[in-house]
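A.B. asks: Sharing a structure with you now.
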Amino acid sequence: MICEKPDSNMRLIYSALGLSLFALIMLFDTSMVIGGNSFMFVLGPECYILGAIQLYLEAMNMFVLALVILGEA
């Protein structure tokens, strides 16, 4: 059985889609942390640590995907 290396174009496309998806999720989570009258979901005062952890993990995932994109370019 021959193990082929994945196509770099597909890896670039998947990384770009993942980066844009995490950017949208980060916008949604930021709006949850900030709160306000016009947002559907709001984190309570006791859940700010959870919101900060979510934003941190999304930033790390976006950083890794950006590294993959820059490595393929």
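Ordering of the structure tokens sets the chain letters (A, B, ...); residue numbers start at 1 within each chain; ligands are numbered from 1 in the order shown.
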I want to know what sits within 12 Å of Leu65 in chain A, based on only C-alpha atoms, with residues of the same chain fewer than 3 positions away left out; could you give that as a list in words?
C.D. replies: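 Surrounding residues, per the criterion: Arg11, Leu12, Ile13, Tyr14, Ser15, Ala16, Leu17, Gly18, Leu19, Ser20, Leu21, Phe22, Ala23, Glu58, Ala59, Met60, Asn61, Met62, Val68, Ile69, Leu70, Gly71 and Glu72 of chain A.
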A.B. asks: For the selection just defined, write its residues with C-alpha atoms to a file, as a compact mmCIF listing (two decimals), in the first residue's frame.
C.D. replies:
# COMPACT_ATOMS: atom_id res chain seq x y z
CA ARG A 11 -4.66 21.69 2.67
CA LEU A 12 -4.54 25.39 1.77
CA ILE A 13 -8.26 25.46 1.00
CA TYR A 14 -9.18 23.64 4.22
CA SER A 15 -6.97 25.97 6.25
CA ALA A 16 -8.51 29.06 4.66
CA LEU A 17 -12.03 27.76 5.30
CA GLY A 18 -11.13 26.89 8.89
CA LEU A 19 -9.58 30.32 9.44
CA SER A 20 -12.68 32.10 8.16
CA LEU A 21 -14.94 29.83 10.23
CA PHE A 22 -12.97 30.51 13.41
CA ALA A 23 -13.08 34.25 12.65
CA GLU A 58 -10.13 30.28 18.99
CA ALA A 59 -7.17 32.65 18.71
CA MET A 60 -4.78 29.72 19.07
CA ASN A 61 -6.62 27.70 16.41
CA MET A 62 -6.58 30.69 14.07
CA VAL A 68 -0.36 26.25 7.84
CA ILE A 69 -1.40 28.78 5.19
CA LEU A 70 1.93 30.60 5.38
CA GLY A 71 3.80 27.31 5.28
CA GLU A 72 2.03 26.27 2.08
A.B. asks: Write out as JSON, numbers by chain the set of residues from chain A that DSSP, computed on the backbone, places in alpha helix (DSSP H).
C.D. replies: {"A": [8, 9, 10, 11, 12, 13, 14, 15, 16, 17, 18, 19, 20, 21, 22, 23, 24, 25, 26, 27, 28, 29, 30, 31, 32, 33, 34, 48, 49, 50, 51, 52, 53, 54, 55, 56, 57, 58, 59, 60, 61, 62, 63, 64, 65, 66, 67, 68, 69, 70, 71, 72]}
A.B. asks: Report, in Å with one decimal, the straight-line distance from CA of Met32 in chain A to CA of Phe63 in chain A.
C.D. replies: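 About the pair CA of Met32 in chain A and CA of Phe63 in chain A: they are 21.7 Å apart.
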A.B. asks: In Å, rounded to a single decimal, give me how far CA of Ala66 in chain A is from CA of Ser31 in chain A.
C.D. replies: 23.1 Å
A.B. asks: Could you state the separation of CA of Ala52 in chain A and CA of Val64 in chain A in Å, given to one decimal place?
C.D. replies: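 Computing the Euclidean distance for CA of Ala52 in chain A and CA of Val64 in chain A yields 18.5 Å.
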A.B. asks: Hey, what's within 12 Å of Val33 in chain A if we count only C-alpha atoms and toss same-chain stuff fewer than 2 positions away? As a list in words, please?
C.D. replies: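 Contacts, in chain order: Met26, Leu27, Phe28, Asp29, Thr30, Ser31, Gly35, Gly36, Phe39, Met40, Phe41, Val42, Leu43, Gly44, Pro45, Glu46, Cys47, Tyr48, Ile49, Leu50, Gly51, Ala52, Ile53, Gln54 and Leu55 of chain A.
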